[in-house]
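Enquirer: Pasting run-v2.cif below, which is mmCIF, C-alpha atoms.
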```cif
data_work
#
loop_
_atom_site.group_PDB
_atom_site.id
_atom_site.type_symbol
_atom_site.label_atom_id
_atom_site.label_comp_id
_atom_site.auth_asym_id
_atom_site.auth_seq_id
_atom_site.Cartn_x
_atom_site.Cartn_y
_atom_site.Cartn_z
ATOM 1 C CA MET A 89 -2.347 13.328 -69.366
ATOM 2 C CA MET A 90 -3.394 16.992 -69.376
ATOM 3 C CA ASN A 91 -2.186 19.302 -72.079
ATOM 4 C CA HIS A 92 -0.374 22.293 -70.463
ATOM 5 C CA THR A 93 0.492 24.038 -73.710
ATOM 6 C CA ASN A 94 -2.156 26.723 -73.388
ATOM 7 C CA ASP A 95 -2.514 26.686 -69.609
ATOM 8 C CA PRO A 96 -2.078 30.316 -68.385
ATOM 9 C CA PHE A 97 -1.010 29.108 -64.978
ATOM 10 C CA SER A 98 1.834 27.031 -66.432
ATOM 11 C CA GLU A 99 2.886 29.969 -68.582
ATOM 12 C CA ALA A 100 2.960 32.258 -65.557
ATOM 13 C CA LEU A 101 5.077 29.765 -63.639
ATOM 14 C CA ALA A 102 7.433 29.381 -66.599
ATOM 15 C CA ASP A 103 7.924 33.131 -66.780
ATOM 16 C CA TRP A 104 8.424 33.537 -63.060
ATOM 17 C CA ARG A 105 11.969 34.436 -62.031
ATOM 18 C CA VAL A 106 13.099 34.869 -58.469
ATOM 19 C CA ASN A 107 15.899 37.348 -57.896
ATOM 20 C CA PRO A 108 16.500 37.533 -54.135
ATOM 21 C CA PRO A 109 18.773 40.300 -52.916
ATOM 22 C CA ARG A 110 22.216 39.060 -52.001
ATOM 23 C CA ASP A 111 22.940 38.892 -48.294
ATOM 24 C CA PRO A 112 26.682 38.648 -47.743
ATOM 25 C CA SER A 113 26.212 38.173 -43.980
ATOM 26 C CA PHE A 114 23.759 35.270 -44.304
ATOM 27 C CA ARG A 115 26.309 32.539 -43.564
ATOM 28 C CA ALA A 116 27.868 34.490 -40.705
ATOM 29 C CA GLY A 117 24.386 35.094 -39.289
ATOM 30 C CA VAL A 118 23.582 31.398 -39.312
ATOM 31 C CA TRP A 119 26.819 30.560 -37.522
ATOM 32 C CA ALA A 120 26.212 33.346 -35.037
ATOM 33 C CA ARG A 121 22.811 31.875 -34.200
ATOM 34 C CA VAL A 122 24.333 28.374 -33.880
ATOM 35 C CA GLU A 123 27.019 29.749 -31.576
ATOM 36 C CA ALA A 124 24.447 31.639 -29.515
ATOM 37 C CA LEU A 125 22.470 28.427 -29.021
ATOM 38 C CA ARG A 126 25.630 26.596 -28.084
ATOM 39 C CA ARG A 127 26.444 29.174 -25.420
ATOM 40 C CA GLU A 128 22.867 29.403 -24.164
ATOM 41 C CA PRO A 129 22.677 28.986 -20.375
ATOM 42 C CA TRP A 130 20.881 25.866 -19.209
ATOM 43 C CA ALA A 131 18.177 27.839 -17.408
ATOM 44 C CA ALA A 132 17.422 29.746 -20.605
ATOM 45 C CA TYR A 133 17.277 26.449 -22.520
ATOM 46 C CA VAL A 134 14.782 25.035 -20.014
ATOM 47 C CA ARG A 135 12.690 28.214 -20.157
ATOM 48 C CA ARG A 136 12.697 28.041 -23.934
ATOM 49 C CA HIS A 137 11.385 24.437 -23.669
ATOM 50 C CA ALA A 138 9.231 25.114 -20.629
ATOM 51 C CA LEU A 139 6.258 23.015 -21.722
ATOM 52 C CA THR A 140 8.306 19.971 -22.753
ATOM 53 C CA SER A 141 10.542 20.227 -19.684
ATOM 54 C CA GLY A 142 7.560 20.597 -17.368
ATOM 55 C CA LEU A 143 5.764 17.608 -18.847
ATOM 56 C CA ALA A 144 8.941 15.506 -18.714
ATOM 57 C CA LEU A 145 9.458 16.497 -15.079
ATOM 58 C CA LEU A 146 5.887 15.545 -14.203
ATOM 59 C CA ALA A 147 6.260 12.196 -15.970
ATOM 60 C CA VAL A 148 9.572 11.471 -14.254
ATOM 61 C CA VAL A 149 8.174 12.331 -10.813
ATOM 62 C CA ALA A 150 5.085 10.180 -11.407
ATOM 63 C CA VAL A 151 7.044 7.189 -12.732
ATOM 64 C CA GLY A 152 9.755 7.505 -10.071
ATOM 65 C CA GLY A 153 7.173 7.692 -7.301
ATOM 66 C CA TRP A 154 5.258 4.729 -8.632
ATOM 67 C CA VAL A 155 8.394 2.594 -9.054
ATOM 68 C CA GLY A 156 9.595 3.463 -5.542
ATOM 69 C CA MET A 157 6.233 2.625 -4.028
ATOM 70 C CA ARG A 158 5.972 -0.664 -5.954
ATOM 71 C CA GLN A 159 9.480 -1.703 -4.885
ATOM 72 C CA ALA A 160 8.663 -0.979 -1.232
ATOM 73 C CA HIS A 161 5.421 -2.959 -1.436
ATOM 74 C CA ALA A 162 7.161 -5.860 -3.182
ATOM 75 C CA ARG A 163 9.799 -5.965 -0.455
ATOM 76 C CA ALA A 164 7.089 -5.850 2.229
ATOM 77 C CA ASP A 165 5.257 -8.728 0.536
ATOM 78 C CA ARG A 166 8.454 -10.812 0.398
ATOM 79 C CA ASP A 167 9.279 -10.109 4.038
ATOM 80 C CA ARG A 168 5.713 -10.815 5.147
ATOM 81 C CA ALA A 169 5.681 -14.154 3.297
ATOM 82 C CA LEU A 170 9.026 -15.045 4.869
ATOM 83 C CA LEU A 171 7.810 -14.199 8.377
ATOM 84 C CA VAL A 172 4.577 -16.134 7.902
ATOM 85 C CA GLN A 173 6.672 -19.180 7.056
ATOM 86 C CA VAL A 174 9.059 -18.586 9.954
ATOM 87 C CA TYR A 175 6.103 -18.273 12.306
ATOM 88 C CA LEU A 176 4.400 -21.395 10.999
ATOM 89 C CA SER A 177 7.622 -23.356 11.152
ATOM 90 C CA GLU A 178 7.836 -22.401 14.831
ATOM 91 C CA ILE A 179 4.355 -23.646 15.698
ATOM 92 C CA ASP A 180 3.747 -26.497 13.273
ATOM 93 C CA SER A 181 5.313 -29.748 14.482
ATOM 94 C CA ARG A 182 4.441 -31.443 11.202
ATOM 95 C CA LEU A 183 6.992 -29.253 9.447
ATOM 96 C CA VAL A 184 9.627 -29.587 12.134
ATOM 97 C CA ALA A 185 9.344 -33.354 12.658
ATOM 98 C CA THR A 186 11.714 -35.568 10.710
ATOM 99 C CA ASP A 187 10.326 -37.676 7.900
ATOM 100 C CA GLY A 188 11.647 -40.837 9.504
ATOM 101 C CA THR A 189 14.414 -41.496 7.004
ATOM 102 C CA PRO A 190 17.783 -42.245 8.628
ATOM 103 C CA MET B 150 22.969 19.682 -27.559
ATOM 104 C CA LYS B 151 24.867 19.902 -24.278
ATOM 105 C CA ASN B 152 21.826 21.460 -22.615
ATOM 106 C CA PHE B 153 19.676 18.575 -23.829
ATOM 107 C CA TRP B 154 21.949 16.024 -22.142
ATOM 108 C CA VAL B 155 22.168 18.117 -18.991
ATOM 109 C CA THR B 156 18.362 18.271 -18.897
ATOM 110 C CA LEU B 157 18.086 14.552 -19.484
ATOM 111 C CA GLY B 158 20.609 13.874 -16.714
ATOM 112 C CA ALA B 159 18.738 16.175 -14.343
ATOM 113 C CA LEU B 160 15.455 14.421 -15.114
ATOM 114 C CA VAL B 161 17.009 11.005 -14.476
ATOM 115 C CA ALA B 162 18.482 12.278 -11.193
ATOM 116 C CA VAL B 163 15.106 13.699 -10.129
ATOM 117 C CA GLY B 164 13.405 10.409 -11.057
ATOM 118 C CA LEU B 165 15.882 8.373 -9.011
ATOM 119 C CA ALA B 166 15.582 10.750 -6.059
ATOM 120 C CA VAL B 167 11.778 10.597 -6.148
ATOM 121 C CA ALA B 168 11.843 6.783 -6.465
ATOM 122 C CA LEU B 169 14.202 6.500 -3.494
ATOM 123 C CA ALA B 170 12.143 8.912 -1.418
ATOM 124 C CA CYS B 171 8.899 7.050 -2.179
ATOM 125 C CA TYR B 172 10.601 3.735 -1.477
ATOM 126 C CA ARG B 173 11.756 4.968 1.929
ATOM 127 C CA TRP B 174 8.377 6.571 2.597
ATOM 128 C CA HIS B 175 6.486 3.330 1.936
ATOM 129 C CA CYS B 176 9.013 1.031 3.631
ATOM 130 C CA ASP B 177 7.698 -0.803 6.670
ATOM 131 C CA GLU B 178 10.788 -0.690 8.888
ATOM 132 C CA PRO B 179 9.451 -2.833 11.771
ATOM 133 C CA LEU B 180 8.504 -5.513 9.233
ATOM 134 C CA HIS B 181 11.925 -5.450 7.567
ATOM 135 C CA ALA B 182 13.746 -5.507 10.904
ATOM 136 C CA ALA B 183 11.677 -8.513 11.994
ATOM 137 C CA ALA B 184 12.429 -10.277 8.688
ATOM 138 C CA ARG B 185 16.168 -9.618 9.018
ATOM 139 C CA GLN B 186 16.159 -11.160 12.501
ATOM 140 C CA ARG B 187 13.596 -13.881 11.643
ATOM 141 C CA ASP B 188 11.679 -12.578 14.654
ATOM 142 C CA ALA B 189 8.110 -13.746 14.174
ATOM 143 C CA LEU B 190 6.863 -12.311 17.475
ATOM 144 C CA ALA B 191 8.212 -8.852 16.623
ATOM 145 C CA TRP B 192 6.412 -9.108 13.309
ATOM 146 C CA LEU B 193 3.171 -10.197 14.979
ATOM 147 C CA THR B 194 3.466 -7.200 17.296
ATOM 148 C CA ALA B 195 3.781 -4.772 14.399
ATOM 149 C CA GLU B 196 1.439 -6.520 11.964
ATOM 150 C CA TYR B 197 -1.429 -7.011 14.413
ATOM 151 C CA HIS B 198 -0.968 -3.765 16.349
ATOM 152 C CA LEU B 199 -0.252 -5.493 19.654
ATOM 153 C CA ARG B 200 0.115 -3.425 22.787
ATOM 154 C CA PRO B 201 3.051 -4.426 25.021
ATOM 155 C CA GLU B 202 0.819 -6.376 27.413
ATOM 156 C CA GLN B 203 -0.799 -8.228 24.490
ATOM 157 C CA ALA B 204 2.614 -9.060 23.015
ATOM 158 C CA ALA B 205 3.792 -10.298 26.405
ATOM 159 C CA ALA B 206 0.696 -12.493 26.818
ATOM 160 C CA ILE B 207 1.177 -13.942 23.342
ATOM 161 C CA GLY B 208 4.852 -14.524 24.101
ATOM 162 C CA ARG B 209 3.820 -16.541 27.155
ATOM 163 C CA LEU B 210 1.317 -18.511 25.068
ATOM 164 C CA HIS B 211 4.045 -19.285 22.543
ATOM 165 C CA ALA B 212 6.456 -20.391 25.253
ATOM 166 C CA ALA B 213 3.845 -22.720 26.760
ATOM 167 C CA TYR B 214 2.869 -24.028 23.350
ATOM 168 C CA ALA B 215 6.512 -24.699 22.406
ATOM 169 C CA LEU B 216 6.600 -27.548 24.959
ATOM 170 C CA ARG B 217 3.492 -29.189 23.511
ATOM 171 C CA CYS B 218 4.857 -28.575 20.019
ATOM 172 C CA ALA B 219 8.083 -30.405 20.900
ATOM 173 C CA GLU B 220 6.060 -33.383 22.169
ATOM 174 C CA HIS B 221 4.006 -33.473 18.986
ATOM 175 C CA CYS B 222 7.154 -33.117 16.922
ATOM 176 C CA MET B 223 8.691 -36.129 18.643
ATOM 177 C CA ALA B 224 5.520 -38.222 18.324
ATOM 178 C CA ILE B 225 5.183 -37.429 14.611
ATOM 179 C CA GLY B 226 8.886 -38.157 14.062
ATOM 180 C CA GLU B 227 8.519 -41.552 15.720
ATOM 181 C CA ALA B 228 5.426 -42.414 13.692
ATOM 182 C CA ARG B 229 7.108 -41.365 10.439
ATOM 183 C CA GLY B 230 10.179 -43.369 11.427
ATOM 184 C CA ALA B 231 7.972 -46.433 11.898
ATOM 185 C CA VAL B 232 6.532 -45.952 8.394
ATOM 186 C CA ALA B 233 10.002 -45.567 6.903
ATOM 187 C CA GLN B 234 11.192 -48.694 8.704
ATOM 188 C CA ALA B 235 8.144 -50.679 7.565
ATOM 189 C CA GLU B 236 8.823 -49.580 3.979
ATOM 190 C CA ARG B 237 12.501 -50.513 4.209
ATOM 191 C CA GLU B 238 11.702 -53.944 5.666
ATOM 192 C CA GLY B 239 8.955 -54.601 3.121
ATOM 193 C CA ARG B 240 6.270 -55.183 5.746
ATOM 194 C CA PRO B 241 2.789 -56.270 4.648
ATOM 195 C CA ALA B 242 0.481 -53.613 3.260
ATOM 196 C CA SER B 243 -1.835 -53.807 6.269
ATOM 197 C CA GLU B 244 1.058 -53.044 8.639
ATOM 198 C CA LEU B 245 2.219 -50.193 6.438
ATOM 199 C CA ALA B 246 -1.298 -48.772 6.311
ATOM 200 C CA ALA B 247 -1.591 -48.993 10.098
ATOM 201 C CA ALA B 248 1.731 -47.152 10.487
ATOM 202 C CA ARG B 249 0.571 -44.459 8.094
ATOM 203 C CA ASP B 250 -2.697 -44.159 9.994
ATOM 204 C CA ARG B 251 -0.695 -43.521 13.158
ATOM 205 C CA VAL B 252 1.197 -40.725 11.383
ATOM 206 C CA ALA B 253 -2.072 -39.232 10.174
ATOM 207 C CA ALA B 254 -3.603 -39.478 13.663
ATOM 208 C CA ARG B 255 -0.627 -37.739 15.272
ATOM 209 C CA GLU B 256 -0.619 -35.055 12.609
ATOM 210 C CA ARG B 257 -4.344 -34.531 13.225
ATOM 211 C CA VAL B 258 -3.695 -34.106 16.949
ATOM 212 C CA CYS B 259 -0.917 -31.672 16.069
ATOM 213 C CA ARG B 260 -3.178 -29.684 13.716
ATOM 214 C CA GLU B 261 -5.907 -29.444 16.345
ATOM 215 C CA ALA B 262 -3.369 -28.229 18.894
ATOM 216 C CA ILE B 263 -2.097 -25.587 16.459
ATOM 217 C CA GLU B 264 -5.618 -24.402 15.722
ATOM 218 C CA LEU B 265 -6.375 -24.170 19.433
ATOM 219 C CA HIS B 266 -3.137 -22.237 19.953
ATOM 220 C CA LEU B 267 -3.970 -19.872 17.088
ATOM 221 C CA ARG B 268 -7.400 -19.183 18.608
ATOM 222 C CA GLU B 269 -5.815 -18.524 22.012
ATOM 223 C CA VAL B 270 -3.380 -16.079 20.389
ATOM 224 C CA ALA B 271 -6.190 -14.415 18.428
ATOM 225 C CA SER B 272 -8.201 -13.971 21.633
ATOM 226 C CA GLN B 273 -5.412 -11.711 22.924
ATOM 227 C CA MET B 274 -5.780 -9.378 19.937
ATOM 228 C CA SER B 275 -8.453 -6.851 19.088
ATOM 229 C CA PRO B 276 -11.468 -8.532 17.412
ATOM 230 C CA GLU B 277 -10.538 -7.133 13.975
ATOM 231 C CA ASP B 278 -6.874 -8.106 14.191
ATOM 232 C CA GLY B 279 -7.749 -11.467 15.717
ATOM 233 C CA ALA B 280 -10.085 -12.248 12.825
ATOM 234 C CA ARG B 281 -7.427 -11.172 10.325
ATOM 235 C CA TYR B 282 -4.826 -13.317 12.116
ATOM 236 C CA LEU B 283 -7.048 -16.391 12.029
ATOM 237 C CA GLY B 284 -7.927 -15.680 8.401
ATOM 238 C CA GLU B 285 -4.216 -15.635 7.594
ATOM 239 C CA PHE B 286 -3.117 -18.741 9.478
ATOM 240 C CA LEU B 287 -5.996 -21.193 9.869
ATOM 241 C CA PRO B 288 -6.198 -21.926 6.118
ATOM 242 C CA ARG B 289 -2.431 -22.385 5.959
ATOM 243 C CA VAL B 290 -2.459 -24.821 8.865
ATOM 244 C CA ALA B 291 -5.303 -26.712 7.210
ATOM 245 C CA ALA B 292 -3.366 -26.753 3.923
ATOM 246 C CA TYR B 293 -0.345 -28.053 5.919
ATOM 247 C CA ARG B 294 2.547 -27.491 3.524
ATOM 248 C CA HIS B 295 2.695 -23.714 3.916
ATOM 249 C CA GLU B 296 4.153 -23.290 0.434
ATOM 250 C CA GLY B 297 7.154 -25.499 1.068
ATOM 251 C CA ALA B 298 9.695 -26.040 3.779
ATOM 252 C CA PRO B 299 10.858 -22.775 5.370
ATOM 253 C CA THR B 300 14.524 -23.453 4.773
ATOM 254 C CA VAL B 301 13.995 -23.549 1.033
ATOM 255 C CA ARG B 302 12.482 -20.056 0.937
ATOM 256 C CA LEU B 303 14.952 -18.679 3.445
ATOM 257 C CA ASN B 304 17.780 -19.434 1.071
ATOM 258 C CA GLN B 305 16.185 -17.609 -1.851
#
```
Just dump the structure as structure tokens.
Expert:
Amino acid sequence: MMNHTNDPFSEALADWRVNPPRDPSFRAGVWARVEALRREPWAAYVRRHALTSGLALLAVVAVGGWVGMRQAHARADRDRALLVQVYLSEIDSRLVATDGTP
Amino acid sequence: MKNFWVTLGALVAVGLAVALACYRWHCDEPLHAAARQRDALAWLTAEYHLRPEQAAAIGRLHAAYALRCAEHCMAIGEARGAVAQAEREGRPASELAAARDRVAARERVCREAIELHLREVASQMSPEDGARYLGEFLPRVAAYRHEGAPTVRLNQ
């Protein structure tokens, strides 16, 4: 443990007193700012968060586009597999013929 | 806080709209229409870029092949019936093996007829599409089962 008894820095801190000027309108000012934010138009809100909003929009467009494309390709793959089977079932007698069981 | 939720809602709406637009953009309508109607020839036309005269020629090939296919179907059915009957009656192993050989022989004739038909169909296509068509179907015909009976997948 250090001994602070004769530390000039500790003495200066101990003597330090903060006496801020009183601001009677401080509380009202805070509420006024809260109210102003609450009534802020949406466009102003978006402009104030332009970078975040822009990045979010880019991400949403990229993800939405990718998901839409993947869904379309998945559906095409399913339909193509179905039609391949339909086509083969039309031309392959081995699939159409009965297995001989009554 | 309200603006945050409005922004979030707008982003979700934009994402859904973009996803829907991309989905529609990438949709292959002729393929989906053919799948809905189980119309294999319509699909072949779209998938292998057939001109109307090529599609008509392939349609004629299919119609002619359908008769041979029905004959093969009947022959295979009879041969399989003979195997089933031999199994039910507990015939000797040699008789059962002979019946199974007949099934195999008729299936081999059927497979050769399919392969010939596929090559005739491919010859009506452009060389690139014909090669792709044969690459798609010849291995499946050789593998025989085609990933299960069609009715099973159709019900999925």
Enquirer: Any idea which chain A residues end up within 10 Å of chain B if we count all atoms listed in the file, as a PDB file with C-alpha atoms, in the coordinates of the input please?
Expert:
```
ATOM      1  CA  LEU A 125      22.470  28.427 -29.021  1.00  0.00           C
ATOM      2  CA  ARG A 126      25.630  26.596 -28.084  1.00  0.00           C
ATOM      3  CA  ARG A 127      26.444  29.174 -25.420  1.00  0.00           C
ATOM      4  CA  GLU A 128      22.867  29.403 -24.164  1.00  0.00           C
ATOM      5  CA  PRO A 129      22.677  28.986 -20.375  1.00  0.00           C
ATOM      6  CA  TRP A 130      20.881  25.866 -19.209  1.00  0.00           C
ATOM      7  CA  ALA A 131      18.177  27.839 -17.408  1.00  0.00           C
ATOM      8  CA  ALA A 132      17.422  29.746 -20.605  1.00  0.00           C
ATOM      9  CA  TYR A 133      17.277  26.449 -22.520  1.00  0.00           C
ATOM     10  CA  VAL A 134      14.782  25.035 -20.014  1.00  0.00           C
ATOM     11  CA  SER A 141      10.542  20.227 -19.684  1.00  0.00           C
ATOM     12  CA  ALA A 144       8.941  15.506 -18.714  1.00  0.00           C
ATOM     13  CA  LEU A 145       9.458  16.497 -15.079  1.00  0.00           C
ATOM     14  CA  LEU A 146       5.887  15.545 -14.203  1.00  0.00           C
ATOM     15  CA  ALA A 147       6.260  12.196 -15.970  1.00  0.00           C
ATOM     16  CA  VAL A 148       9.572  11.471 -14.254  1.00  0.00           C
ATOM     17  CA  VAL A 149       8.174  12.331 -10.813  1.00  0.00           C
ATOM     18  CA  ALA A 150       5.085  10.180 -11.407  1.00  0.00           C
ATOM     19  CA  VAL A 151       7.044   7.189 -12.732  1.00  0.00           C
ATOM     20  CA  GLY A 152       9.755   7.505 -10.071  1.00  0.00           C
ATOM     21  CA  GLY A 153       7.173   7.692  -7.301  1.00  0.00           C
ATOM     22  CA  TRP A 154       5.258   4.729  -8.632  1.00  0.00           C
ATOM     23  CA  VAL A 155       8.394   2.594  -9.054  1.00  0.00           C
ATOM     24  CA  GLY A 156       9.595   3.463  -5.542  1.00  0.00           C
ATOM     25  CA  MET A 157       6.233   2.625  -4.028  1.00  0.00           C
ATOM     26  CA  ARG A 158       5.972  -0.664  -5.954  1.00  0.00           C
ATOM     27  CA  GLN A 159       9.480  -1.703  -4.885  1.00  0.00           C
ATOM     28  CA  ALA A 160       8.663  -0.979  -1.232  1.00  0.00           C
ATOM     29  CA  HIS A 161       5.421  -2.959  -1.436  1.00  0.00           C
ATOM     30  CA  ALA A 162       7.161  -5.860  -3.182  1.00  0.00           C
ATOM     31  CA  ARG A 163       9.799  -5.965  -0.455  1.00  0.00           C
ATOM     32  CA  ALA A 164       7.089  -5.850   2.229  1.00  0.00           C
ATOM     33  CA  ASP A 165       5.257  -8.728   0.536  1.00  0.00           C
ATOM     34  CA  ARG A 166       8.454 -10.812   0.398  1.00  0.00           C
ATOM     35  CA  ASP A 167       9.279 -10.109   4.038  1.00  0.00           C
ATOM     36  CA  ARG A 168       5.713 -10.815   5.147  1.00  0.00           C
ATOM     37  CA  ALA A 169       5.681 -14.154   3.297  1.00  0.00           C
ATOM     38  CA  LEU A 170       9.026 -15.045   4.869  1.00  0.00           C
ATOM     39  CA  LEU A 171       7.810 -14.199   8.377  1.00  0.00           C
ATOM     40  CA  VAL A 172       4.577 -16.134   7.902  1.00  0.00           C
ATOM     41  CA  GLN A 173       6.672 -19.180   7.056  1.00  0.00           C
ATOM     42  CA  VAL A 174       9.059 -18.586   9.954  1.00  0.00           C
ATOM     43  CA  TYR A 175       6.103 -18.273  12.306  1.00  0.00           C
ATOM     44  CA  LEU A 176       4.400 -21.395  10.999  1.00  0.00           C
ATOM     45  CA  SER A 177       7.622 -23.356  11.152  1.00  0.00           C
ATOM     46  CA  GLU A 178       7.836 -22.401  14.831  1.00  0.00           C
ATOM     47  CA  ILE A 179       4.355 -23.646  15.698  1.00  0.00           C
ATOM     48  CA  ASP A 180       3.747 -26.497  13.273  1.00  0.00           C
ATOM     49  CA  SER A 181       5.313 -29.748  14.482  1.00  0.00           C
ATOM     50  CA  ARG A 182       4.441 -31.443  11.202  1.00  0.00           C
ATOM     51  CA  LEU A 183       6.992 -29.253   9.447  1.00  0.00           C
ATOM     52  CA  VAL A 184       9.627 -29.587  12.134  1.00  0.00           C
ATOM     53  CA  ALA A 185       9.344 -33.354  12.658  1.00  0.00           C
ATOM     54  CA  THR A 186      11.714 -35.568  10.710  1.00  0.00           C
ATOM     55  CA  ASP A 187      10.326 -37.676   7.900  1.00  0.00           C
ATOM     56  CA  GLY A 188      11.647 -40.837   9.504  1.00  0.00           C
ATOM     57  CA  THR A 189      14.414 -41.496   7.004  1.00  0.00           C
ATOM     58  CA  PRO A 190      17.783 -42.245   8.628  1.00  0.00           C
TER      59      PRO A 190
END
```
Enquirer: What gap, in Å, lies between atom CA of Leu210 of chain B and atom CA of Tyr197 of chain B?
Expert: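 Between these atoms lies a distance of 15.9 Å.
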Enquirer: Expressed in Å to a single decimal, how great is the separation between atom CA of Leu283 of chain B and atom CA of Leu265 of chain B?
Expert: 10.8 Å
Enquirer: Convert the output of the PyMOL selection byres ((chain B and resi 246) around 12) on the shown file into explicit residues, formatted as a PyMOL selection string.
Expert: chain B and resi 228-229+231-233+235-236+240-245+247-253
Enquirer: So how many Å separate atom CA of Gly284 of chain B and atom CA of Ser272 of chain B, to one decimal?
Expert: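 Atom CA of Gly284 of chain B sits 13.3 Å away from atom CA of Ser272 of chain B.
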Enquirer: Applying the PyMOL selection byres ((chain B and resi 203) around 10) to the file I just gave you, which residues come out? Please list them as a list in words.
Expert: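 Selection result, ordered by chain and number: Thr194, His198, Leu199, Arg200, Pro201, Glu202, Ala204, Ala205, Ala206, Ile207, Gly208, Arg209, Val270, Ser272, Gln273, Met274 and Ser275 of chain B.
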